[in-house]
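Data block for upload39.cif (mmCIF, N, CA and C atoms):
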data_coords
loop_
_atom_site.label_atom_id
_atom_site.label_comp_id
_atom_site.auth_asym_id
_atom_site.auth_seq_id
_atom_site.Cartn_x
_atom_site.Cartn_y
_atom_site.Cartn_z
N MET J 1 8.83 -15.56 -33.59
CA MET J 1 7.85 -15.85 -32.58
C MET J 1 7.29 -14.52 -32.07
N GLU J 2 5.98 -14.45 -31.99
CA GLU J 2 5.32 -13.24 -31.51
C GLU J 2 5.16 -13.29 -30.00
N ILE J 3 5.53 -12.21 -29.35
CA ILE J 3 5.40 -12.13 -27.90
C ILE J 3 4.05 -11.54 -27.57
N GLN J 4 3.29 -12.28 -26.78
CA GLN J 4 1.97 -11.79 -26.38
C GLN J 4 2.05 -11.24 -24.97
N GLU J 5 1.48 -10.05 -24.81
CA GLU J 5 1.46 -9.44 -23.48
C GLU J 5 0.38 -10.12 -22.66
N ARG J 6 0.74 -10.50 -21.45
CA ARG J 6 -0.21 -11.15 -20.57
C ARG J 6 -1.21 -10.12 -20.05
N PRO J 7 -2.50 -10.40 -20.16
CA PRO J 7 -3.47 -9.43 -19.66
C PRO J 7 -3.38 -9.28 -18.15
N GLN J 8 -3.57 -8.05 -17.70
CA GLN J 8 -3.51 -7.78 -16.26
C GLN J 8 -4.74 -8.38 -15.60
N GLU J 9 -4.51 -9.21 -14.60
CA GLU J 9 -5.60 -9.84 -13.88
C GLU J 9 -6.17 -8.91 -12.84
N HIS J 10 -7.48 -8.79 -12.82
CA HIS J 10 -8.13 -7.99 -11.79
C HIS J 10 -8.61 -8.93 -10.70
N THR J 11 -8.28 -8.62 -9.48
CA THR J 11 -8.66 -9.45 -8.35
C THR J 11 -9.52 -8.65 -7.39
N GLU J 12 -9.87 -9.27 -6.28
CA GLU J 12 -10.70 -8.58 -5.31
C GLU J 12 -10.03 -7.30 -4.83
N GLN J 13 -10.86 -6.35 -4.47
CA GLN J 13 -10.36 -5.07 -3.97
C GLN J 13 -9.89 -5.26 -2.54
N LEU J 14 -8.58 -5.25 -2.32
CA LEU J 14 -8.01 -5.47 -1.00
C LEU J 14 -7.99 -4.19 -0.18
N VAL J 15 -7.80 -3.07 -0.85
CA VAL J 15 -7.64 -1.77 -0.21
C VAL J 15 -8.63 -0.82 -0.86
N SER J 16 -9.22 0.06 -0.05
CA SER J 16 -10.12 1.05 -0.63
C SER J 16 -9.49 2.44 -0.49
N LEU J 17 -9.91 3.33 -1.36
CA LEU J 17 -9.46 4.71 -1.34
C LEU J 17 -10.66 5.60 -1.05
N THR J 18 -10.46 6.59 -0.20
CA THR J 18 -11.52 7.56 0.00
C THR J 18 -11.55 8.47 -1.23
N PRO J 19 -12.66 9.17 -1.47
CA PRO J 19 -12.69 10.08 -2.61
C PRO J 19 -11.57 11.13 -2.57
N SER J 20 -11.22 11.64 -1.38
CA SER J 20 -10.15 12.65 -1.32
C SER J 20 -8.80 12.03 -1.64
N ALA J 21 -8.54 10.80 -1.21
CA ALA J 21 -7.28 10.13 -1.55
C ALA J 21 -7.22 9.86 -3.05
N ALA J 22 -8.32 9.39 -3.62
CA ALA J 22 -8.34 9.09 -5.05
C ALA J 22 -8.10 10.35 -5.88
N ALA J 23 -8.71 11.46 -5.48
CA ALA J 23 -8.52 12.72 -6.21
C ALA J 23 -7.06 13.16 -6.16
N LYS J 24 -6.44 13.07 -4.99
CA LYS J 24 -5.04 13.46 -4.85
C LYS J 24 -4.14 12.55 -5.68
N ILE J 25 -4.41 11.25 -5.64
CA ILE J 25 -3.60 10.28 -6.39
C ILE J 25 -3.75 10.51 -7.89
N ARG J 26 -4.98 10.73 -8.37
CA ARG J 26 -5.17 11.00 -9.80
C ARG J 26 -4.39 12.25 -10.21
N GLY J 27 -4.40 13.28 -9.37
CA GLY J 27 -3.64 14.49 -9.66
C GLY J 27 -2.15 14.24 -9.73
N LEU J 28 -1.64 13.46 -8.77
CA LEU J 28 -0.21 13.15 -8.75
C LEU J 28 0.18 12.27 -9.93
N LEU J 29 -0.67 11.30 -10.28
CA LEU J 29 -0.39 10.43 -11.43
C LEU J 29 -0.31 11.25 -12.72
N ALA J 30 -1.15 12.26 -12.84
CA ALA J 30 -1.16 13.09 -14.05
C ALA J 30 0.14 13.87 -14.20
N GLU J 31 0.81 14.15 -13.08
CA GLU J 31 2.07 14.91 -13.11
C GLU J 31 3.29 14.03 -13.39
N GLU J 32 3.15 12.72 -13.23
CA GLU J 32 4.27 11.79 -13.39
C GLU J 32 4.29 11.20 -14.79
N ALA J 33 5.48 10.94 -15.29
CA ALA J 33 5.64 10.28 -16.58
C ALA J 33 5.92 8.80 -16.36
N ASP J 34 5.42 7.98 -17.23
CA ASP J 34 5.74 6.54 -17.23
C ASP J 34 5.18 5.74 -16.05
N VAL J 35 4.17 6.23 -15.36
CA VAL J 35 3.53 5.46 -14.30
C VAL J 35 2.03 5.44 -14.54
N SER J 36 1.39 4.36 -14.10
CA SER J 36 -0.04 4.26 -14.35
C SER J 36 -0.83 3.66 -13.18
N VAL J 37 -0.13 3.14 -12.16
CA VAL J 37 -0.82 2.50 -11.04
C VAL J 37 -0.27 2.98 -9.70
N LEU J 38 -1.12 2.90 -8.69
CA LEU J 38 -0.70 3.13 -7.31
C LEU J 38 -0.31 1.79 -6.72
N ARG J 39 0.90 1.70 -6.17
CA ARG J 39 1.34 0.48 -5.50
C ARG J 39 1.25 0.72 -4.00
N VAL J 40 0.48 -0.15 -3.31
CA VAL J 40 0.35 -0.09 -1.86
C VAL J 40 1.05 -1.33 -1.32
N ALA J 41 1.94 -1.14 -0.35
CA ALA J 41 2.73 -2.26 0.16
C ALA J 41 3.06 -2.04 1.63
N ILE J 42 3.57 -3.09 2.23
CA ILE J 42 4.16 -2.97 3.56
C ILE J 42 5.61 -3.36 3.46
N GLU J 43 6.41 -2.82 4.35
CA GLU J 43 7.84 -3.11 4.39
C GLU J 43 8.22 -3.29 5.85
N GLY J 44 9.24 -4.10 6.10
CA GLY J 44 9.75 -4.21 7.45
C GLY J 44 10.41 -2.92 7.85
N GLY J 45 10.27 -2.55 9.11
CA GLY J 45 10.92 -1.34 9.58
C GLY J 45 9.96 -0.46 10.34
N GLY J 46 10.41 0.72 10.65
CA GLY J 46 9.58 1.61 11.46
C GLY J 46 9.67 1.20 12.91
N CYS J 47 9.09 1.97 13.78
CA CYS J 47 9.22 1.69 15.21
C CYS J 47 8.27 0.61 15.69
N SER J 48 7.33 0.17 14.86
CA SER J 48 6.39 -0.86 15.29
C SER J 48 6.50 -2.16 14.52
N GLY J 49 7.46 -2.33 13.63
CA GLY J 49 7.66 -3.59 12.94
C GLY J 49 7.45 -3.52 11.45
N PHE J 50 6.33 -3.00 10.99
CA PHE J 50 6.05 -2.81 9.57
C PHE J 50 5.80 -1.34 9.33
N GLN J 51 6.04 -0.90 8.11
CA GLN J 51 5.65 0.45 7.73
C GLN J 51 4.98 0.38 6.36
N TYR J 52 4.16 1.37 6.07
CA TYR J 52 3.42 1.41 4.82
C TYR J 52 4.27 2.00 3.71
N GLY J 53 4.03 1.53 2.52
CA GLY J 53 4.68 2.08 1.35
C GLY J 53 3.63 2.41 0.30
N LEU J 54 3.59 3.66 -0.12
CA LEU J 54 2.72 4.10 -1.20
C LEU J 54 3.62 4.67 -2.29
N GLY J 55 3.40 4.26 -3.51
CA GLY J 55 4.20 4.78 -4.60
C GLY J 55 3.53 4.48 -5.93
N PHE J 56 4.12 5.00 -6.98
CA PHE J 56 3.60 4.77 -8.32
C PHE J 56 4.46 3.76 -9.04
N ASP J 57 3.84 3.02 -9.95
CA ASP J 57 4.54 1.99 -10.71
C ASP J 57 4.00 2.00 -12.14
N ARG J 58 4.72 1.33 -13.01
CA ARG J 58 4.31 1.26 -14.42
C ARG J 58 3.17 0.28 -14.64
N GLY J 59 3.01 -0.68 -13.74
CA GLY J 59 1.95 -1.67 -13.88
C GLY J 59 2.13 -2.78 -12.87
N ALA J 60 1.25 -3.76 -12.96
CA ALA J 60 1.30 -4.90 -12.05
C ALA J 60 2.46 -5.82 -12.43
N GLN J 61 3.05 -6.43 -11.41
CA GLN J 61 4.10 -7.43 -11.59
C GLN J 61 3.48 -8.82 -11.42
N GLU J 62 4.22 -9.82 -11.77
CA GLU J 62 3.77 -11.20 -11.63
C GLU J 62 3.32 -11.46 -10.19
N GLY J 63 2.11 -11.96 -10.03
CA GLY J 63 1.59 -12.31 -8.71
C GLY J 63 0.86 -11.19 -7.98
N ASP J 64 0.96 -9.95 -8.48
CA ASP J 64 0.30 -8.82 -7.83
C ASP J 64 -1.22 -8.96 -7.88
N HIS J 65 -1.87 -8.40 -6.89
CA HIS J 65 -3.33 -8.24 -6.89
C HIS J 65 -3.58 -6.88 -7.54
N ALA J 66 -4.34 -6.86 -8.62
CA ALA J 66 -4.62 -5.62 -9.34
C ALA J 66 -6.12 -5.37 -9.34
N PHE J 67 -6.52 -4.14 -9.05
CA PHE J 67 -7.94 -3.78 -9.02
C PHE J 67 -8.07 -2.29 -9.21
N GLU J 68 -9.29 -1.83 -9.40
CA GLU J 68 -9.54 -0.41 -9.56
C GLU J 68 -10.42 0.06 -8.42
N CYS J 69 -10.12 1.25 -7.91
CA CYS J 69 -10.91 1.84 -6.83
C CYS J 69 -11.01 3.34 -7.07
N GLU J 70 -12.21 3.85 -7.10
CA GLU J 70 -12.43 5.30 -7.28
C GLU J 70 -11.71 5.83 -8.52
N GLY J 71 -11.65 5.02 -9.57
CA GLY J 71 -11.01 5.46 -10.81
C GLY J 71 -9.50 5.39 -10.81
N VAL J 72 -8.90 4.74 -9.80
CA VAL J 72 -7.45 4.60 -9.71
C VAL J 72 -7.08 3.12 -9.80
N ALA J 73 -6.14 2.79 -10.68
CA ALA J 73 -5.63 1.42 -10.76
C ALA J 73 -4.69 1.21 -9.58
N VAL J 74 -4.93 0.15 -8.81
CA VAL J 74 -4.16 -0.13 -7.59
C VAL J 74 -3.57 -1.53 -7.70
N VAL J 75 -2.32 -1.70 -7.24
CA VAL J 75 -1.70 -3.02 -7.16
C VAL J 75 -1.14 -3.24 -5.76
N VAL J 76 -1.23 -4.50 -5.31
CA VAL J 76 -0.69 -4.91 -4.01
C VAL J 76 0.07 -6.20 -4.23
N ASP J 77 1.30 -6.27 -3.74
CA ASP J 77 2.10 -7.48 -3.91
C ASP J 77 1.55 -8.60 -3.02
N PRO J 78 1.86 -9.86 -3.35
CA PRO J 78 1.28 -10.99 -2.60
C PRO J 78 1.71 -11.05 -1.13
N PHE J 79 2.91 -10.58 -0.78
CA PHE J 79 3.33 -10.59 0.62
C PHE J 79 2.50 -9.59 1.44
N SER J 80 2.26 -8.42 0.88
CA SER J 80 1.55 -7.35 1.59
C SER J 80 0.05 -7.59 1.69
N ALA J 81 -0.51 -8.32 0.75
CA ALA J 81 -1.96 -8.47 0.65
C ALA J 81 -2.66 -8.88 1.95
N PRO J 82 -2.20 -9.92 2.67
CA PRO J 82 -2.92 -10.31 3.88
C PRO J 82 -2.90 -9.24 4.97
N TYR J 83 -1.84 -8.45 5.01
CA TYR J 83 -1.69 -7.43 6.04
C TYR J 83 -2.48 -6.16 5.71
N LEU J 84 -2.80 -5.97 4.44
CA LEU J 84 -3.50 -4.77 4.01
C LEU J 84 -4.99 -4.98 3.75
N ARG J 85 -5.42 -6.24 3.72
CA ARG J 85 -6.82 -6.55 3.39
C ARG J 85 -7.78 -5.75 4.29
N GLY J 86 -8.68 -5.01 3.67
CA GLY J 86 -9.67 -4.23 4.40
C GLY J 86 -9.22 -2.84 4.78
N SER J 87 -7.99 -2.46 4.41
CA SER J 87 -7.46 -1.14 4.76
C SER J 87 -8.07 -0.05 3.88
N THR J 88 -8.08 1.16 4.41
CA THR J 88 -8.57 2.32 3.67
C THR J 88 -7.47 3.38 3.63
N VAL J 89 -7.19 3.88 2.44
CA VAL J 89 -6.22 4.96 2.26
C VAL J 89 -7.01 6.26 2.17
N ASP J 90 -6.66 7.22 3.02
CA ASP J 90 -7.31 8.52 3.04
C ASP J 90 -6.27 9.59 2.80
N TYR J 91 -6.70 10.77 2.38
CA TYR J 91 -5.81 11.91 2.25
C TYR J 91 -6.37 13.02 3.10
N LEU J 92 -5.56 13.51 4.04
CA LEU J 92 -5.98 14.56 4.96
C LEU J 92 -5.23 15.84 4.68
N GLU J 93 -5.92 16.93 4.81
CA GLU J 93 -5.27 18.23 4.69
C GLU J 93 -5.92 19.13 5.74
N THR J 94 -5.35 19.10 6.95
CA THR J 94 -5.89 19.87 8.06
C THR J 94 -4.79 20.77 8.61
N ILE J 95 -5.13 21.54 9.60
CA ILE J 95 -4.14 22.42 10.22
C ILE J 95 -3.08 21.61 10.98
N GLN J 96 -3.45 20.41 11.44
CA GLN J 96 -2.52 19.58 12.21
C GLN J 96 -1.70 18.62 11.37
N GLU J 97 -2.26 18.14 10.27
CA GLU J 97 -1.53 17.17 9.46
C GLU J 97 -1.97 17.24 8.01
N SER J 98 -1.07 16.82 7.15
CA SER J 98 -1.36 16.79 5.73
C SER J 98 -0.68 15.57 5.15
N GLY J 99 -1.41 14.77 4.41
CA GLY J 99 -0.82 13.62 3.77
C GLY J 99 -1.74 12.42 3.77
N PHE J 100 -1.19 11.31 3.29
CA PHE J 100 -1.95 10.08 3.22
C PHE J 100 -1.95 9.38 4.56
N LYS J 101 -3.08 8.80 4.91
CA LYS J 101 -3.21 8.05 6.16
C LYS J 101 -3.89 6.73 5.83
N ILE J 102 -3.38 5.65 6.41
CA ILE J 102 -3.95 4.33 6.16
C ILE J 102 -4.61 3.81 7.44
N ASP J 103 -5.88 3.47 7.32
CA ASP J 103 -6.62 2.86 8.41
C ASP J 103 -6.62 1.36 8.14
N ASN J 104 -5.90 0.60 8.99
CA ASN J 104 -5.69 -0.82 8.76
C ASN J 104 -6.33 -1.64 9.88
N PRO J 105 -7.39 -2.40 9.59
CA PRO J 105 -8.03 -3.22 10.62
C PRO J 105 -7.17 -4.38 11.10
N ASN J 106 -6.09 -4.70 10.41
CA ASN J 106 -5.21 -5.81 10.78
C ASN J 106 -4.14 -5.39 11.77
N ALA J 107 -3.96 -4.10 11.97
CA ALA J 107 -2.94 -3.60 12.90
C ALA J 107 -3.44 -3.72 14.33
N VAL J 108 -2.63 -4.32 15.19
CA VAL J 108 -2.99 -4.44 16.61
C VAL J 108 -2.32 -3.34 17.43
N ALA J 109 -1.31 -2.70 16.87
CA ALA J 109 -0.62 -1.59 17.53
C ALA J 109 0.04 -0.76 16.45
N SER J 110 0.18 0.53 16.71
CA SER J 110 0.90 1.38 15.77
C SER J 110 1.64 2.45 16.54
N CYS J 111 2.61 3.06 15.87
CA CYS J 111 3.37 4.12 16.53
C CYS J 111 2.52 5.39 16.55
N GLY J 112 2.99 6.38 17.26
CA GLY J 112 2.24 7.61 17.42
C GLY J 112 1.94 8.33 16.12
N CYS J 113 2.82 8.23 15.14
CA CYS J 113 2.61 8.95 13.88
C CYS J 113 1.72 8.16 12.92
N GLY J 114 1.50 6.86 13.21
CA GLY J 114 0.64 6.06 12.35
C GLY J 114 1.30 5.55 11.08
N HIS J 115 2.62 5.72 10.95
CA HIS J 115 3.32 5.27 9.75
C HIS J 115 3.85 3.85 9.87
N SER J 116 3.86 3.29 11.07
CA SER J 116 4.27 1.90 11.21
C SER J 116 3.30 1.20 12.15
N PHE J 117 3.28 -0.14 12.05
CA PHE J 117 2.28 -0.90 12.80
C PHE J 117 2.77 -2.31 13.08
N GLN J 118 2.06 -2.99 13.98
CA GLN J 118 2.29 -4.40 14.28
C GLN J 118 1.02 -5.16 13.98
N VAL J 119 1.19 -6.46 13.67
CA VAL J 119 0.05 -7.35 13.49
C VAL J 119 0.05 -8.36 14.62
N ALA J 120 -0.99 -9.18 14.70
CA ALA J 120 -1.11 -10.17 15.76
C ALA J 120 0.10 -11.10 15.79
N ASP J 121 0.43 -11.63 16.97
CA ASP J 121 1.62 -12.47 17.17
C ASP J 121 1.72 -13.64 16.22
N GLU J 122 0.59 -14.23 15.82
CA GLU J 122 0.66 -15.40 14.95
C GLU J 122 1.01 -15.04 13.51
N GLU J 123 1.05 -13.76 13.19
CA GLU J 123 1.42 -13.33 11.84
C GLU J 123 2.92 -13.45 11.65
N VAL J 124 3.38 -13.37 10.42
CA VAL J 124 4.80 -13.47 10.09
C VAL J 124 5.56 -12.28 10.67
N ASP J 125 6.69 -12.56 11.29
CA ASP J 125 7.57 -11.52 11.81
C ASP J 125 8.28 -10.85 10.64
N PRO J 126 8.41 -9.51 10.62
CA PRO J 126 9.06 -8.86 9.48
C PRO J 126 10.47 -9.38 9.23
N GLY J 127 11.21 -9.76 10.27
CA GLY J 127 12.55 -10.31 10.09
C GLY J 127 12.54 -11.65 9.40
N GLU J 128 11.52 -12.48 9.68
CA GLU J 128 11.42 -13.80 9.06
C GLU J 128 11.03 -13.70 7.60
N ALA J 129 10.41 -12.62 7.20
CA ALA J 129 9.95 -12.47 5.83
C ALA J 129 11.02 -11.86 4.94
N GLY J 130 12.24 -11.73 5.44
CA GLY J 130 13.32 -11.18 4.64
C GLY J 130 13.37 -9.67 4.69
N TYR J 131 12.68 -9.08 5.65
CA TYR J 131 12.68 -7.63 5.80
C TYR J 131 13.34 -7.31 7.12
N GLY J 132 14.23 -6.36 7.13
CA GLY J 132 14.89 -5.97 8.36
C GLY J 132 14.09 -4.91 9.11
N CYS J 133 14.21 -4.90 10.41
CA CYS J 133 13.53 -3.88 11.21
C CYS J 133 14.38 -2.63 11.20
N GLY J 134 13.76 -1.50 10.91
CA GLY J 134 14.49 -0.25 10.75
C GLY J 134 15.00 0.33 12.05
N SER J 135 14.20 0.34 13.12
CA SER J 135 14.64 1.06 14.31
C SER J 135 15.19 0.16 15.39
N GLY J 136 14.72 -1.07 15.47
CA GLY J 136 15.27 -2.01 16.45
C GLY J 136 14.87 -1.76 17.88
N SER J 137 14.97 -0.54 18.37
CA SER J 137 14.72 -0.28 19.78
C SER J 137 13.25 -0.16 20.12
N GLY J 138 12.40 0.15 19.14
CA GLY J 138 10.99 0.31 19.41
C GLY J 138 10.63 1.68 19.97
N SER J 139 11.62 2.53 20.18
CA SER J 139 11.32 3.87 20.67
C SER J 139 11.53 4.86 19.55
N GLY J 140 10.85 5.95 19.64
CA GLY J 140 10.95 6.96 18.59
C GLY J 140 10.12 6.58 17.39
N CYS J 141 10.19 7.40 16.39
CA CYS J 141 9.38 7.18 15.22
C CYS J 141 10.23 7.40 14.00
N SER J 142 10.37 6.36 13.18
CA SER J 142 11.17 6.52 11.96
C SER J 142 10.28 6.32 10.75
N HIS J 143 10.08 7.36 9.99
CA HIS J 143 9.30 7.25 8.76
C HIS J 143 9.85 8.18 7.73
#

Rendering of file as structure tokens:
Amino acid sequence: MEIQERPQEHTEQLVSLTPSAAAKIRGLLAEEADVSVLRVAIEGGGCSGFQYGLGFDRGAQEGDHAFECEGVAVVVDPFSAPYLRGSTVDYLETIQESGFKIDNPNAVASCGCGHSFQVADEEVDPGEAGYGCGSGSGSGCSH
């Protein structure tokens, strides 16, 4: 029996990349072996309830939203998709900060460092979604 590879489905672009973020990601991807996509996700934890996760992966998994932005293949898992819809990933390199920054229109509050955020009360609680809260107390910043 011949195994056929399932074609990667391209879906709507949930997250956008600025040109500076895309350039940095393309550079980092070129340095890594065995990866071909940027995975953008949310995870329970951080001082505000959710925190962002950016990383590289070999490809899309079952159920992932896969799309291309600024020449970068991007995947978002189905749990993260509603919370990230409309977000923009930027890369900053200034005297005050350096790194990736996510502008998320779905966040109603975020911690001072911008690495964790909360969504509206009617959204799923990170604890109910099978994700534990990292800091618990809500004070300080854990990223």

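Applied to this file, the PyMOL selection byres ((chain J and resi 51-56) around 5) selects Val37, Leu38, Arg39, Val40, Ala41, Ile42, Glu43, Gly44, Gly45, Gly49, Phe50, Asp57, Arg58, His115, Ser116 and Phe117 of chain J.
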
For segment 11-27 of chain J: contacts at 6.5 Å, all atoms listed in the file, fewer than 5 positions along chain excluded, given as a VMD selection string
chain J and resid 65 to 70 72 84 to 91

Axis-aligned box for all listed atoms of segment 49-52 of chain J, 6 Å per side, centre and edges in Å to one decimal, as JSON:
{"center_x": 5.5, "center_y": -0.8, "center_z": 8.7, "size_x": 16.2, "size_y": 17.6, "size_z": 21.9}

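As for atom N of Ala60 of chain J and atom N of Asn106 of chain J, they are spaced 24.5 Å apart.
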
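In this model, the gap between atom C of Val76 of chain J and atom CA of Ser98 of chain J comes to 25.1 Å.
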
Interatomic distance (Å, one decimal) between atom N of Val108 of chain J and atom C of Val74 of chain J
23.1 Å
